[in-house]
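To start, the structure under review is shown below, and the notes come after it.
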Amino acid sequence: MAISVAGGVRPGKIIEIEHRLYQQLIVGKQKSNSMFDELDVELEDDANKLAIEREAVLERLAKQIQAKQVFEEVSEQLINTVISAIEHGLSSPEQALTHSGINENQLLMLDLLQGKNVDINRLKPLIEEQAWLVRDLLNMVNSASFRHRRPQRSDVKVTDIKLVLNFIGIENIKLLIPYFCIRNWLPSGHANLLWTTRKLWRYSVVSAIAAQALAKLHEKDGSFVYTCTLLSQLGPSVVLKNSAKLFEQTWGTWLREASGCRDKEVYDAVVATEFPAERVYHLVLEHGNKLNWQLLHYLDFKDSAMTKVLAELDNNLSYKDLSEDAAMVARANCYAKVVLLEELSQIDPQEKRMMFDYYELSAQEVIRLKGQNYKKLNII
């Protein structure tokens with residue numbers, strides 16, 4: 001007789017499956033073939049060249065016993081230096097914010113968007129402060145796919161943010177701003193994390209689509225659950241962004257020093273040292289969920305409904321103890337984990353049933369979720 005795992009204290013097997021996804025996102029060598037946005041397209045050549053150069057150096061080192069010993073010693077020292085710096089950078093929310101790109105006004109935008117009557121006049125100056133957000137909104141409104149939606153003079157390029165907000169409409173703004181925020185907070189711009197970033201972005205968007213579908217099915221506030229679901233990847237993104245930044249700074253410094261000393265063996269050892277994905281993966285597991293809400297606490301959003309949901313998801317040991325909104329975020333993330341693990345052939349049917357059982361996904365919810373298009377977020 002099968003024993004149900006539904007809703008209680010999270011079993012070890014459920015934790016192992018969930019960790020398996022992050023292991024595949026961060027450590028797995030698979031490249032992402034399905035993208036919603038072409039993040040860091042220009043980095044693909046750099047990432048591929050870096051990988052080829054490292055392989056060539058490692059092949060050469062394999063033939064030279066002494067040089068290989070130098071590589072192992074230098075590489076270990078470099079990685080330990082990087083990990084120590086990352087751990088220090090994650091020792092407090094204040095430190096973690098250093099390379100995150102997150103500030104109070106960005107969170108204030110998200111908080112204001114949760115109100116029943118959104119004050120556009122208060123929102124507009126906050127949007128204008130974020131150059132990347134203005135760029136993303138302008139690019140979208142001026143795109144060929146959007147122009148036919150504009151009422152008049154569709155060929156004229158829109159540059160005024162107030163017109164942009166009017167064209168898009170407040171209901172779509174509630175979805176677009178969180179979408180662009182989490183994309184901006186991802187560790188983009190780092191060749192060492194190109195594929196990890198793309199896979200994490202895919203996971204974020206699949207989760208958001210699932211959250212929208214569940215909220216619609218249960219006639220709930222879709223934008224709030226959707227925003228909280230996207231924010232549930234804030235902490236992992238910050239850990240990865242800090243890690244990539246500190247690795248590249250240290251790696252670059254060591255490379256310049258080795259070049260200046262004309263030490264070929266040390267130079268090759270630094271070149272061949274890869275981003276310590278396995279160790280960073282464990283740091284994501286240790287700090288990711290905590291940072292989701294601790295960063296909001298530190299930036300004076302302790303009483304925000306978003307913060308409370310994120311804190312629940314981290315602090316509650318049992319699914320049954322979650323509030324309705326937090327439980328919906330957990331179910332959306334559960335479904336996205338299963339979708340991505342199935343794509344990677346990393347989950348079997350029994351494990352899938354166990355995940356759905358624990359998070360109490362009903363047959364009706366599973367049917368609704370299966371019917372969604374996970375290749376594109378349906379915002380406008």
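We label chains A, B, ... in the order they appear in the structure tokens, count residues from 1 in each chain, and number ligands from 1 in the order shown.
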- request: Within 9 Å of Leu217 (chain A), counting only C-alpha atoms, which residues show up once you throw out same-chain ones fewer than 4 positions away? Write them as a list of chain:residue names, please.
  value: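 Contacts, with the query itself left out: A:Gln212, A:Ala213, A:Gln364, A:Glu365, A:Arg368.
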message: For Ile170 (chain A), find every residue with an atom within 9 Å (counting only C-alpha atoms), except residues of its own chain fewer than 4 positions away, and show them as a list in words.
response: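 Residues near the query, excluding close chain neighbours: Leu113, Val118, Ile120, Leu165, Asn166, Lys174 and Leu175 of chain A.
Comparing the minimum interatomic distances between His297 (chain A) and each of A:Arg122, A:Gln114, A:Phe167, A:Ser92, counting only C-alpha atoms, we find that A:Ser92 sits nearest.
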Long-range neighbours of Leu25 (chain A) as a PyMOL selection string, 10 Å cut-off, only C-alpha atoms, 3 positions minimum in chain: chain A and resi 19-22+28-32+195-203+277+281+340-341
Write the residues of the selection above to a file with C-alpha atoms, as a PDB file, in the first residue's frame.
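Written file, result23.pdb:
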```pdb
ATOM      1  CA  HIS A  19      18.068  20.075  -5.451  1.00  0.00           C
ATOM      2  CA  ARG A  20      18.554  17.959  -8.570  1.00  0.00           C
ATOM      3  CA  LEU A  21      17.017  20.704 -10.666  1.00  0.00           C
ATOM      4  CA  TYR A  22      19.374  23.375  -9.335  1.00  0.00           C
ATOM      5  CA  GLY A  28      24.936  20.642 -15.702  1.00  0.00           C
ATOM      6  CA  LYS A  29      26.729  21.113 -19.017  1.00  0.00           C
ATOM      7  CA  GLN A  30      23.556  21.110 -21.114  1.00  0.00           C
ATOM      8  CA  LYS A  31      22.966  24.158 -23.269  1.00  0.00           C
ATOM      9  CA  SER A  32      19.557  25.794 -23.296  1.00  0.00           C
ATOM     10  CA  TRP A 195      24.077  28.731 -20.120  1.00  0.00           C
ATOM     11  CA  THR A 196      23.267  28.735 -16.414  1.00  0.00           C
ATOM     12  CA  THR A 197      21.604  32.149 -16.799  1.00  0.00           C
ATOM     13  CA  ARG A 198      19.544  30.973 -19.744  1.00  0.00           C
ATOM     14  CA  LYS A 199      18.413  27.840 -17.922  1.00  0.00           C
ATOM     15  CA  LEU A 200      17.541  29.802 -14.776  1.00  0.00           C
ATOM     16  CA  TRP A 201      15.590  32.313 -16.889  1.00  0.00           C
ATOM     17  CA  ARG A 202      13.670  29.497 -18.516  1.00  0.00           C
ATOM     18  CA  TYR A 203      12.833  28.024 -15.108  1.00  0.00           C
ATOM     19  CA  ALA A 277      30.006  25.621 -10.426  1.00  0.00           C
ATOM     20  CA  TYR A 281      25.610  25.314  -6.428  1.00  0.00           C
ATOM     21  CA  LEU A 340      12.503  21.102 -16.734  1.00  0.00           C
ATOM     22  CA  LEU A 341      13.624  17.821 -15.181  1.00  0.00           C
TER      23      LEU A 341
END
```
10 Å contact set for Arg331 (chain A), only C-alpha atoms, chain neighbours under 3 positions out, as a PyMOL selection string: chain A and resi 207+210-211+214+229+319+325-328+334-337+355-356+358-361+365
For Cys228 (chain A): contacts at 8 Å, only C-alpha atoms, fewer than 4 positions along chain excluded, given as a JSON list (two decimals) with N, CA, C and O atoms, in the first residue's frame:
```json
[["chain", "number", "residue", "atom", "x", "y", "z"],
["A", 224, "PHE", "N", -0.14, 39.22, -8.40],
["A", 224, "PHE", "CA", 0.59, 39.09, -7.14],
["A", 224, "PHE", "C", 1.31, 37.75, -7.06],
["A", 224, "PHE", "O", 2.49, 37.68, -6.75],
["A", 232, "SER", "N", 10.84, 34.50, -6.30],
["A", 232, "SER", "CA", 11.38, 33.33, -5.62],
["A", 232, "SER", "C", 12.71, 32.88, -6.23],
["A", 232, "SER", "O", 13.38, 31.99, -5.69],
["A", 306, "MET", "N", 4.69, 40.74, -0.39],
["A", 306, "MET", "CA", 5.63, 39.92, -1.16],
["A", 306, "MET", "C", 6.67, 39.29, -0.24],
["A", 306, "MET", "O", 6.99, 38.11, -0.36],
["A", 309, "VAL", "N", 5.31, 36.34, 1.82],
["A", 309, "VAL", "CA", 5.18, 35.10, 1.05],
["A", 309, "VAL", "C", 6.54, 34.43, 0.87],
["A", 309, "VAL", "O", 6.70, 33.22, 1.06],
["A", 310, "LEU", "N", 7.57, 35.22, 0.53],
["A", 310, "LEU", "CA", 8.90, 34.67, 0.31],
["A", 310, "LEU", "C", 9.49, 34.11, 1.61],
["A", 310, "LEU", "O", 10.17, 33.08, 1.59],
["A", 329, "VAL", "N", 2.40, 29.67, -5.13],
["A", 329, "VAL", "CA", 3.76, 29.86, -5.64],
["A", 329, "VAL", "C", 4.51, 28.53, -5.58],
["A", 329, "VAL", "O", 5.21, 28.15, -6.53]]
```
message: I'd like the interatomic distance between CA of Ser204 (chain A) and CA of Leu230 (chain A), to a tenth of an Å.
response: 5.9 Å
Distance query Glu16 (chain A) at most 12 Å, only C-alpha atoms, self and fewer than 6 positions along chain excluded, as a PyMOL selection string: chain A and resi 10+22-23+285+337+346-347+351+354-355
Preceding selection exported with N, CA, C and O atoms as a PDB file, in the first residue's frame:
```pdb
ATOM      1  N   ARG A  10       8.543  18.273   4.556  1.00  0.00           N
ATOM      2  CA  ARG A  10       9.071  17.895   3.247  1.00  0.00           C
ATOM      3  C   ARG A  10      10.000  16.680   3.355  1.00  0.00           C
ATOM      4  O   ARG A  10      11.024  16.734   4.037  1.00  0.00           O
ATOM      5  N   TYR A  22      18.355  22.328  -9.424  1.00  0.00           N
ATOM      6  CA  TYR A  22      19.374  23.375  -9.335  1.00  0.00           C
ATOM      7  C   TYR A  22      20.752  22.844  -9.715  1.00  0.00           C
ATOM      8  O   TYR A  22      21.572  23.572 -10.286  1.00  0.00           O
ATOM      9  N   GLN A  23      20.997  21.569  -9.426  1.00  0.00           N
ATOM     10  CA  GLN A  23      22.270  20.975  -9.829  1.00  0.00           C
ATOM     11  C   GLN A  23      22.392  20.974 -11.349  1.00  0.00           C
ATOM     12  O   GLN A  23      23.454  21.263 -11.907  1.00  0.00           O
ATOM     13  N   LEU A 285      22.067  26.662  -2.657  1.00  0.00           N
ATOM     14  CA  LEU A 285      21.185  25.908  -1.764  1.00  0.00           C
ATOM     15  C   LEU A 285      21.204  26.484  -0.347  1.00  0.00           C
ATOM     16  O   LEU A 285      20.169  26.536   0.326  1.00  0.00           O
ATOM     17  N   LYS A 337       9.665  22.765 -11.978  1.00  0.00           N
ATOM     18  CA  LYS A 337      10.775  21.839 -11.725  1.00  0.00           C
ATOM     19  C   LYS A 337      10.562  20.527 -12.479  1.00  0.00           C
ATOM     20  O   LYS A 337      11.488  19.994 -13.099  1.00  0.00           O
ATOM     21  N   GLN A 346      15.690  13.744 -16.254  1.00  0.00           N
ATOM     22  CA  GLN A 346      16.265  13.620 -14.914  1.00  0.00           C
ATOM     23  C   GLN A 346      15.202  13.319 -13.848  1.00  0.00           C
ATOM     24  O   GLN A 346      15.455  13.514 -12.665  1.00  0.00           O
ATOM     25  N   ILE A 347      14.029  12.874 -14.273  1.00  0.00           N
ATOM     26  CA  ILE A 347      12.985  12.532 -13.303  1.00  0.00           C
ATOM     27  C   ILE A 347      12.166  11.383 -13.867  1.00  0.00           C
ATOM     28  O   ILE A 347      11.903  11.347 -15.079  1.00  0.00           O
ATOM     29  N   GLU A 351       8.699   9.651  -9.345  1.00  0.00           N
ATOM     30  CA  GLU A 351       9.149  10.883  -8.695  1.00  0.00           C
ATOM     31  C   GLU A 351       8.237  12.054  -9.050  1.00  0.00           C
ATOM     32  O   GLU A 351       7.947  12.910  -8.205  1.00  0.00           O
ATOM     33  N   MET A 354       5.207  11.770  -6.985  1.00  0.00           N
ATOM     34  CA  MET A 354       5.531  12.130  -5.604  1.00  0.00           C
ATOM     35  C   MET A 354       5.554  13.654  -5.429  1.00  0.00           C
ATOM     36  O   MET A 354       5.048  14.190  -4.435  1.00  0.00           O
ATOM     37  N   MET A 355       6.120  14.359  -6.409  1.00  0.00           N
ATOM     38  CA  MET A 355       6.160  15.826  -6.357  1.00  0.00           C
ATOM     39  C   MET A 355       4.745  16.399  -6.369  1.00  0.00           C
ATOM     40  O   MET A 355       4.386  17.260  -5.547  1.00  0.00           O
TER      41      MET A 355
END
```
query: Which parts of region 261-336 of chain A does DSSP call alpha helix (DSSP H) when run on the backbone here, written out as an MDAnalysis selection string?
result: chainID A and resid 264:272 277:298 305:315 324:336
For the selection just defined, write its residues with C-alpha atoms to a file, as a short mmCIF file (atom, residue, chain, number, x, y, z; two decimals), in the first residue's frame.
```cif
data_model
loop_
_atom_site.label_atom_id
_atom_site.label_comp_id
_atom_site.auth_asym_id
_atom_site.auth_seq_id
_atom_site.Cartn_x
_atom_site.Cartn_y
_atom_site.Cartn_z
CA LYS A 264 53.75 30.32 -18.62
CA GLU A 265 52.83 27.41 -16.31
CA VAL A 266 50.92 29.62 -13.86
CA TYR A 267 49.30 31.54 -16.74
CA ASP A 268 48.06 28.28 -18.30
CA ALA A 269 46.84 27.06 -14.91
CA VAL A 270 44.75 30.22 -14.41
CA VAL A 271 43.35 30.04 -17.96
CA ALA A 272 42.34 26.40 -17.42
CA ALA A 277 30.01 25.62 -10.43
CA GLU A 278 29.70 22.70 -8.00
CA ARG A 279 30.71 24.78 -4.98
CA VAL A 280 28.56 27.71 -6.06
CA TYR A 281 25.61 25.31 -6.43
CA HIS A 282 25.93 24.46 -2.73
CA LEU A 283 26.06 28.19 -1.88
CA VAL A 284 22.81 28.66 -3.84
CA LEU A 285 21.19 25.91 -1.76
CA GLU A 286 22.51 27.45 1.45
CA HIS A 287 21.69 31.11 0.80
CA GLY A 288 19.23 31.37 -2.10
CA ASN A 289 15.86 31.02 -0.36
CA LYS A 290 16.97 33.07 2.67
CA LEU A 291 18.12 35.96 0.50
CA ASN A 292 14.73 36.05 -1.29
CA TRP A 293 13.18 37.69 1.77
CA GLN A 294 16.25 38.94 3.68
CA LEU A 295 17.13 41.35 0.88
CA LEU A 296 13.60 42.78 1.00
CA HIS A 297 13.85 43.07 4.80
CA TYR A 298 17.14 44.95 4.52
CA ALA A 305 2.97 41.11 1.31
CA MET A 306 5.63 39.92 -1.16
CA THR A 307 8.23 39.62 1.60
CA LYS A 308 5.85 37.64 3.80
CA VAL A 309 5.18 35.10 1.05
CA LEU A 310 8.90 34.67 0.31
CA ALA A 311 9.69 34.27 4.03
CA GLU A 312 6.97 31.62 4.34
CA LEU A 313 8.41 29.63 1.47
CA ASP A 314 11.82 29.58 3.16
CA ASN A 315 10.85 29.16 6.82
CA GLU A 324 -2.96 30.30 0.09
CA ASP A 325 -0.71 32.63 -1.94
CA ALA A 326 2.55 30.98 -0.81
CA ALA A 327 1.09 27.54 -1.53
CA MET A 328 0.20 28.63 -5.07
CA VAL A 329 3.76 29.86 -5.64
CA ALA A 330 5.07 26.52 -4.31
CA ARG A 331 2.79 24.58 -6.68
CA ALA A 332 3.86 26.71 -9.66
CA ASN A 333 7.53 26.14 -8.83
CA CYS A 334 6.88 22.42 -8.34
CA TYR A 335 5.33 22.11 -11.78
CA ALA A 336 8.18 24.08 -13.41
#
```
message: When you count only C-alpha atoms, which of these residues is closest to Phe71 (chain A): A:Asp136, A:Thr273, A:Val338, A:Ser362?
response: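 So, comparing all the options, the nearest one is A:Thr273.
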query: Interatomic distance between CA of Phe301 (chain A) and CA of Leu133 (chain A)?
result: 21.1 Å
- prompt: Which residue out of A:Tyr374, A:Phe247, A:Trp254, A:Trp132 has the minimum interatomic distance to Trp185 (chain A) when only C-alpha atoms are used?
  reply: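 Nearest candidate to Trp185 (chain A) out of A:Tyr374, A:Phe247, A:Trp254, A:Trp132: A:Trp132.
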field: Nearest candidate to Ala96 (chain A) (options A:Gly235, A:His218, A:Leu317, A:Val339; using only C-alpha atoms)
entry: A:Gly235
